[in-house]
Structure formats: C-alpha cells, structure tokens
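Q: Sharing start-v4.pdb here; it has PDB, C-alpha atoms, pLDDT in the B column.
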ATOM      1  CA  MET J   1      70.863 162.723  71.674  1.00 52.00           C
ATOM      2  CA  GLU J   2      73.429 160.375  70.053  1.00 56.00           C
ATOM      3  CA  LYS J   3      76.883 161.604  69.208  1.00 58.00           C
ATOM      4  CA  GLY J   4      78.625 160.125  66.165  1.00 55.00           C
ATOM      5  CA  GLY J   5      82.078 158.532  66.527  1.00 56.00           C
ATOM      6  CA  GLN J   6      81.834 157.829  70.241  1.00 60.00           C
ATOM      7  CA  MET J   7      83.132 154.433  71.335  1.00 67.00           C
ATOM      8  CA  ASN J   8      82.367 152.653  74.512  1.00 73.00           C
ATOM      9  CA  ILE J   9      85.216 150.380  75.546  1.00 78.00           C
ATOM     10  CA  SER J  10      84.785 148.483  78.750  1.00 84.00           C
ATOM     11  CA  PHE J  11      87.413 148.258  81.452  1.00 84.00           C
ATOM     12  CA  GLY J  12      87.698 144.517  80.749  1.00 86.00           C
ATOM     13  CA  MET J  13      88.603 145.163  77.105  1.00 87.00           C
ATOM     14  CA  ILE J  14      91.295 147.725  78.024  1.00 88.00           C
ATOM     15  CA  PHE J  15      92.705 145.357  80.646  1.00 90.00           C
ATOM     16  CA  SER J  16      92.787 142.506  78.087  1.00 91.00           C
ATOM     17  CA  VAL J  17      94.729 144.613  75.581  1.00 91.00           C
ATOM     18  CA  ILE J  18      97.245 145.592  78.272  1.00 93.00           C
ATOM     19  CA  LEU J  19      97.669 141.937  79.271  1.00 93.00           C
ATOM     20  CA  VAL J  20      98.267 140.887  75.649  1.00 94.00           C
ATOM     21  CA  ILE J  21     100.963 143.570  75.307  1.00 95.00           C
ATOM     22  CA  VAL J  22     102.633 142.453  78.557  1.00 94.00           C
ATOM     23  CA  PHE J  23     102.561 138.770  77.525  1.00 94.00           C
ATOM     24  CA  LEU J  24     104.065 139.548  74.091  1.00 94.00           C
ATOM     25  CA  THR J  25     106.826 141.647  75.654  1.00 95.00           C
ATOM     26  CA  VAL J  26     107.721 138.900  78.128  1.00 94.00           C
ATOM     27  CA  ALA J  27     107.651 136.263  75.365  1.00 94.00           C
ATOM     28  CA  PHE J  28     110.027 138.238  73.120  1.00 94.00           C
ATOM     29  CA  TYR J  29     112.383 138.856  76.048  1.00 94.00           C
ATOM     30  CA  ALA J  30     112.397 135.147  76.951  1.00 93.00           C
ATOM     31  CA  ILE J  31     113.072 134.099  73.340  1.00 93.00           C
ATOM     32  CA  ARG J  32     115.949 136.573  73.074  1.00 90.00           C
ATOM     33  CA  THR J  33     117.394 135.321  76.361  1.00 88.00           C
ATOM     34  CA  PHE J  34     117.223 131.674  75.240  1.00 90.00           C
ATOM     35  CA  LEU J  35     118.896 132.497  71.893  1.00 87.00           C
ATOM     36  CA  LYS J  36     121.723 134.300  73.717  1.00 85.00           C
ATOM     37  CA  MET J  37     122.090 131.313  76.042  1.00 89.00           C
ATOM     38  CA  GLN J  38     122.271 128.993  73.025  1.00 89.00           C
ATOM     39  CA  GLU J  39     125.112 131.096  71.544  1.00 89.00           C
ATOM     40  CA  ASN J  40     127.039 130.979  74.816  1.00 89.00           C
ATOM     41  CA  VAL J  41     126.598 127.207  75.034  1.00 92.00           C
ATOM     42  CA  SER J  42     127.857 126.848  71.457  1.00 92.00           C
ATOM     43  CA  ILE J  43     130.961 128.909  72.274  1.00 93.00           C
ATOM     44  CA  GLY J  44     131.555 126.898  75.450  1.00 93.00           C
ATOM     45  CA  ILE J  45     131.328 123.627  73.527  1.00 95.00           C
ATOM     46  CA  PHE J  46     133.779 124.957  70.914  1.00 96.00           C
ATOM     47  CA  LEU J  47     136.308 125.957  73.584  1.00 95.00           C
ATOM     48  CA  GLU J  48     135.932 122.676  75.475  1.00 96.00           C
ATOM     49  CA  ASP J  49     136.271 120.573  72.293  1.00 96.00           C
ATOM     50  CA  LEU J  50     139.283 122.564  71.069  1.00 97.00           C
ATOM     51  CA  GLN J  51     141.096 122.245  74.400  1.00 97.00           C
ATOM     52  CA  GLU J  52     140.290 118.521  74.561  1.00 97.00           C
ATOM     53  CA  ASP J  53     141.586 117.954  71.003  1.00 96.00           C
ATOM     54  CA  VAL J  54     144.767 119.924  71.766  1.00 96.00           C
ATOM     55  CA  ASN J  55     145.322 117.950  74.984  1.00 96.00           C
ATOM     56  CA  ASN J  56     144.775 114.604  73.229  1.00 95.00           C
ATOM     57  CA  LEU J  57     147.284 115.472  70.507  1.00 95.00           C
ATOM     58  CA  TRP J  58     149.707 116.952  73.061  1.00 95.00           C
ATOM     59  CA  HIS J  59     149.962 113.508  74.676  1.00 92.00           C
ATOM     60  CA  ALA J  60     150.582 111.855  71.306  1.00 92.00           C
ATOM     61  CA  GLU J  61     151.824 112.970  67.882  1.00 91.00           C
ATOM     62  CA  GLY J  62     150.368 113.430  64.435  1.00 92.00           C
ATOM     63  CA  SER J  63     147.922 115.797  62.854  1.00 93.00           C
ATOM     64  CA  GLN J  64     144.192 116.067  62.627  1.00 94.00           C
ATOM     65  CA  GLU J  65     141.870 118.358  60.780  1.00 96.00           C
ATOM     66  CA  ARG J  66     138.849 119.390  62.828  1.00 95.00           C
ATOM     67  CA  GLU J  67     135.740 121.406  62.134  1.00 96.00           C
ATOM     68  CA  TYR J  68     134.083 123.334  64.964  1.00 96.00           C
ATOM     69  CA  SER J  69     130.741 125.148  65.134  1.00 95.00           C
ATOM     70  CA  LEU J  70     130.463 128.740  66.311  1.00 95.00           C
ATOM     71  CA  PRO J  71     127.781 131.423  66.116  1.00 93.00           C
ATOM     72  CA  SER J  72     128.087 133.221  62.781  1.00 91.00           C
ATOM     73  CA  LYS J  73     128.291 136.672  64.366  1.00 93.00           C
ATOM     74  CA  ILE J  74     131.827 135.694  65.439  1.00 94.00           C
ATOM     75  CA  ARG J  75     133.656 136.329  62.169  1.00 95.00           C
ATOM     76  CA  TYR J  76     137.155 135.184  63.214  1.00 95.00           C
ATOM     77  CA  ILE J  77     138.931 133.327  65.973  1.00 94.00           C
ATOM     78  CA  CYS J  78     142.345 134.867  66.530  1.00 92.00           C
ATOM     79  CA  PHE J  79     145.428 133.534  68.265  1.00 93.00           C
ATOM     80  CA  VAL J  80     147.342 136.495  69.672  1.00 91.00           C
ATOM     81  CA  ASP J  81     150.456 137.182  71.714  1.00 90.00           C
ATOM     82  CA  ASN J  82     150.191 140.544  73.493  1.00 87.00           C
ATOM     83  CA  THR J  83     153.930 140.635  74.156  1.00 87.00           C
ATOM     84  CA  GLN J  84     154.789 140.631  70.430  1.00 88.00           C
ATOM     85  CA  GLU J  85     154.323 143.329  67.815  1.00 90.00           C
ATOM     86  CA  PRO J  86     151.424 143.062  65.348  1.00 89.00           C
ATOM     87  CA  GLN J  87     152.317 141.711  61.932  1.00 90.00           C
ATOM     88  CA  GLY J  88     150.790 140.007  58.953  1.00 90.00           C
ATOM     89  CA  ARG J  89     147.430 140.017  57.238  1.00 91.00           C
ATOM     90  CA  TYR J  90     145.282 140.624  60.318  1.00 89.00           C
ATOM     91  CA  GLN J  91     147.433 143.175  62.126  1.00 85.00           C
ATOM     92  CA  SER J  92     144.556 145.674  61.919  1.00 87.00           C
ATOM     93  CA  PHE J  93     142.682 143.349  64.338  1.00 88.00           C
ATOM     94  CA  PHE J  94     145.554 143.431  66.840  1.00 87.00           C
ATOM     95  CA  GLU J  95     144.313 146.325  68.971  1.00 85.00           C
ATOM     96  CA  ASP J  96     140.873 144.754  69.456  1.00 82.00           C
ATOM     97  CA  VAL J  97     141.979 141.173  70.042  1.00 81.00           C
ATOM     98  CA  SER J  98     144.948 142.100  72.237  1.00 75.00           C
ATOM     99  CA  PHE J  99     142.573 144.199  74.362  1.00 74.00           C
ATOM    100  CA  ALA J 100     140.223 141.215  74.646  1.00 70.00           C
ATOM    101  CA  ALA J 101     143.046 138.727  75.280  1.00 68.00           C
ATOM    102  CA  GLN J 102     144.356 140.248  78.479  1.00 71.00           C
ATOM    103  CA  SER J 103     146.943 138.495  80.674  1.00 74.00           C
ATOM    104  CA  THR J 104     147.598 134.887  79.637  1.00 82.00           C
ATOM    105  CA  ASN J 105     144.690 134.539  77.214  1.00 88.00           C
ATOM    106  CA  ASN J 106     145.825 133.618  73.713  1.00 90.00           C
ATOM    107  CA  LEU J 107     142.564 133.083  71.798  1.00 91.00           C
ATOM    108  CA  ALA J 108     140.134 135.944  71.139  1.00 90.00           C
ATOM    109  CA  PHE J 109     136.954 136.320  69.131  1.00 91.00           C
ATOM    110  CA  TYR J 110     136.639 139.034  66.481  1.00 91.00           C
ATOM    111  CA  PRO J 111     134.826 141.381  66.231  1.00 87.00           C
ATOM    112  CA  LEU J 112     135.071 142.494  69.815  1.00 81.00           C
ATOM    113  CA  ARG J 113     131.859 141.968  71.821  1.00 80.00           C
ATOM    114  CA  SER J 114     130.524 139.423  69.345  1.00 79.00           C
ATOM    115  CA  SER J 115     130.140 137.084  72.315  1.00 81.00           C
ATOM    116  CA  ASP J 116     129.973 137.264  76.095  1.00 82.00           C
ATOM    117  CA  ILE J 117     133.255 135.335  76.196  1.00 85.00           C
ATOM    118  CA  GLU J 118     135.844 137.583  74.551  1.00 85.00           C
ATOM    119  CA  SER J 119     139.010 135.562  75.111  1.00 86.00           C
ATOM    120  CA  VAL J 120     140.425 132.443  76.750  1.00 91.00           C
ATOM    121  CA  GLU J 121     143.702 130.650  77.252  1.00 93.00           C
ATOM    122  CA  ILE J 122     144.190 127.498  75.204  1.00 95.00           C
ATOM    123  CA  LYS J 123     146.875 125.460  76.953  1.00 96.00           C
ATOM    124  CA  ASN J 124     149.547 123.252  75.377  1.00 96.00           C
ATOM    125  CA  ILE J 125     149.764 125.153  72.083  1.00 96.00           C
ATOM    126  CA  ASN J 126     152.917 126.502  70.466  1.00 95.00           C
ATOM    127  CA  LEU J 127     151.824 130.135  70.259  1.00 93.00           C
ATOM    128  CA  GLU J 128     155.185 131.284  68.842  1.00 93.00           C
ATOM    129  CA  SER J 129     154.829 128.926  65.908  1.00 93.00           C
ATOM    130  CA  ILE J 130     151.190 129.876  65.338  1.00 93.00           C
ATOM    131  CA  ILE J 131     151.821 133.637  65.298  1.00 92.00           C
ATOM    132  CA  SER J 132     154.900 133.289  63.103  1.00 91.00           C
ATOM    133  CA  GLN J 133     152.361 133.420  60.256  1.00 85.00           C
ATOM    134  CA  GLY J 134     150.969 136.688  61.665  1.00 90.00           C
ATOM    135  CA  ASN J 135     150.147 138.238  65.019  1.00 90.00           C
ATOM    136  CA  PRO J 136     147.245 137.877  65.453  1.00 90.00           C
ATOM    137  CA  TYR J 137     146.762 134.696  63.456  1.00 93.00           C
ATOM    138  CA  CYS J 138     143.071 134.665  62.585  1.00 93.00           C
ATOM    139  CA  ILE J 139     140.912 131.921  61.108  1.00 95.00           C
ATOM    140  CA  GLU J 140     137.641 132.836  59.435  1.00 96.00           C
ATOM    141  CA  ASN J 141     134.305 131.500  60.625  1.00 95.00           C
ATOM    142  CA  VAL J 142     132.568 130.449  57.399  1.00 95.00           C
ATOM    143  CA  LYS J 143     128.822 129.929  57.810  1.00 94.00           C
ATOM    144  CA  GLY J 144     129.210 128.939  61.447  1.00 93.00           C
ATOM    145  CA  GLU J 145     132.103 126.516  60.857  1.00 96.00           C
ATOM    146  CA  VAL J 146     135.793 126.966  61.725  1.00 96.00           C
ATOM    147  CA  LYS J 147     138.316 124.506  60.250  1.00 96.00           C
ATOM    148  CA  LEU J 148     141.558 123.964  62.162  1.00 96.00           C
ATOM    149  CA  THR J 149     144.475 121.648  61.589  1.00 95.00           C
ATOM    150  CA  LEU J 150     146.199 120.527  64.797  1.00 96.00           C
ATOM    151  CA  ILE J 151     149.772 119.268  64.361  1.00 96.00           C
ATOM    152  CA  LYS J 152     152.363 117.851  66.731  1.00 94.00           C
ATOM    153  CA  GLY J 153     155.565 116.255  65.506  1.00 91.00           C
ATOM    154  CA  ILE J 154     157.551 113.677  67.442  1.00 90.00           C
ATOM    155  CA  SER J 155     160.215 116.234  68.393  1.00 91.00           C
ATOM    156  CA  GLU J 156     157.728 118.982  69.304  1.00 92.00           C
ATOM    157  CA  ALA J 157     156.639 119.708  72.866  1.00 93.00           C
ATOM    158  CA  LEU J 158     153.496 121.657  72.001  1.00 95.00           C
ATOM    159  CA  VAL J 159     150.678 121.538  69.448  1.00 95.00           C
ATOM    160  CA  ARG J 160     150.667 123.859  66.432  1.00 94.00           C
ATOM    161  CA  ILE J 161     147.419 125.101  64.907  1.00 93.00           C
ATOM    162  CA  GLU J 162     147.004 125.984  61.250  1.00 89.00           C
TER     163      GLU J 162
END
When written as structure tokens, how does the structure in this file appear?

A:
Amino acid sequence: MEKGGQMNISFGMIFSVILVIVFLTVAFYAIRTFLKMQENVSIGIFLEDLQEDVNNLWHAEGSQEREYSLPSKIRYICFVDNTQEPQGRYQSFFEDVSFAAQSTNNLAFYPLRSSDIESVEIKNINLESIISQGNPYCIENVKGEVKLTLIKGISEALVRIE
C-alpha cells in the first residue's frame, strides 16, 4: 500500500545539504574576516602616512593640505588632551575619546569601537595649539576621506593640524 506525501531522501542527499551549509558558513566568515582586515590595514596606512607627513614637516617649515582615506564607519578623527577640560563644538565626544585616548595617546577615532585601533599617539604635533579650537578637536570623515592641513612656521617647534 502506498502512502501519499512520503519522501525518500537518501543519506547522500542529506550529507550534501549539510556540506553546502557548512561551506557557505565558512565562506561568509572568511569574507567578513578579510573585510575587517582590509579596514585595519586602511587605518594603519592612514596612521603611518599621517605620522610620516608630520615628521617631514617637523624637519622643515611650511604648510601642506593632505587627504587621507579611512573606513567610513569612523565618522571623526579627534585630537584630544585628557589633562584639559572639554570645550568647544565636540565636547560631547570628550568622554568617549578621552577614554579611548588613554595615557599619552592624542588621536582617537569616533565613535568608540568603530575600529580595532581606538587611539594612538601622533608625535611632533602641537597639541595645545590644535585643541585651542576645541578639546577634543574633531575632523569629519566625509565619504571615507579626511582632509587635514599641516602647518609649521619658522619659529614653531611642532606641527599644527587644522
């Protein structure tokens, strides 16, 4: 007697479906890992290029306008001095970026946890001059691009960033 609606699925078919699911899961995980790695590389290149440009200008004088690429989930880069009080337009960011920029770090990414690297120290910059415009002094990341002007006058010892 035949029963209606009964399906016969072989062990091989069930095993194949399970393998397809496992392969898709591993593929999505690998793609996500590579995208995260690409973001971290982009941030590392930004930090390396910025420090190199600051160092080059620190040994000379003048000004240069530079454009740097960053992942768009980082909305702002913020220069912050934890020893000073918050002030200015971005003072609402102070708690987050000062938490991220612990110890001697003076550059933080906002929003917090938008990257694996939350803060770093950029050497040879005149932080007092930079934060005179606001502490933290934040620059917006517009469509993955951050524009900075690096300035060092003949009588200045450190580089200013605007």

Q: Taking only C-alpha atoms into account, which of J:Glu67, J:Val146, J:Glu48, J:Glu162 comes nearest Lys123 (chain J)?

A: J:Glu48

Q: Build an axis-aligned box that encloses every atom of region 155-159 of chain J listed in the file, pad it by 3 Å on each side, and report its centre and edge lengths in Å to one decimal, as lines of an AutoDock Vina configuration file.

A:
center_x = 155.4
center_y = 118.9
center_z = 70.6
size_x = 15.5
size_y = 11.4
size_z = 10.5

Q: Have a look at J:Leu50, J:Ile9, J:Leu24, J:Met37 and name the one nearest to Glu65 (chain J); count only C-alpha atoms.

A: J:Leu50

Q: Closest to Val97 (chain J) among J:Cys138, J:Ala157, J:Ile21, J:Leu70, using all atoms listed in the file?

A: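 Closest candidate: J:Cys138.
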
Q: Please provide as a ChimeraX atom specification all residues within 12 Å of Ser129 (chain J), with the sequence filter that same-chain residues fewer than 2 positions apart are discarded (counting only C-alpha atoms).

A: /J:79-81,125-127,131-137,151-152,156-162

Q: Report, in Å to a single decimal, how far apart CA of Ala100 (chain J) and CA of Lys73 (chain J) are.

A: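 Answer for the CA of Lys73 (chain J) to CA of Ala100 (chain J) separation: 16.4 Å.
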
Q: Quick one: which residues end up in the PyMOL selection byres ((chain J and resi 102) around 12) for this structure, as an NGL selection string?

A: :J and (80-83 or 95-101 or 103-108 or 118-121)

Q: Run the PyMOL selection byres ((chain J and resi 69) around 12) mentally over the shown coordinates, then write out the matched residues as number ranges by chain, using the chain letters and numbers from the document.

A: J: 39-50, 66-68, 70-75, 77, 140-148

Q: Mind pulling up the distance from CA of Ile14 (chain J) to CA of Tyr29 (chain J)?

A: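 Between CA of Tyr29 (chain J) and CA of Ile14 (chain J) the gap is 23.0 Å.
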
Q: Work out how far CA of Gly153 (chain J) is from CA of Asn124 (chain J), in Å to one decimal.

A: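 Pair CA of Asn124 (chain J) / CA of Gly153 (chain J) returns 13.5 Å.
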
Q: Can you work out which one of J:Thr149, J:Thr25, J:Gln87, J:Thr33 has the shortest atom-to-atom distance to Gln64 (chain J), counting all atoms listed in the file?

A: J:Thr149
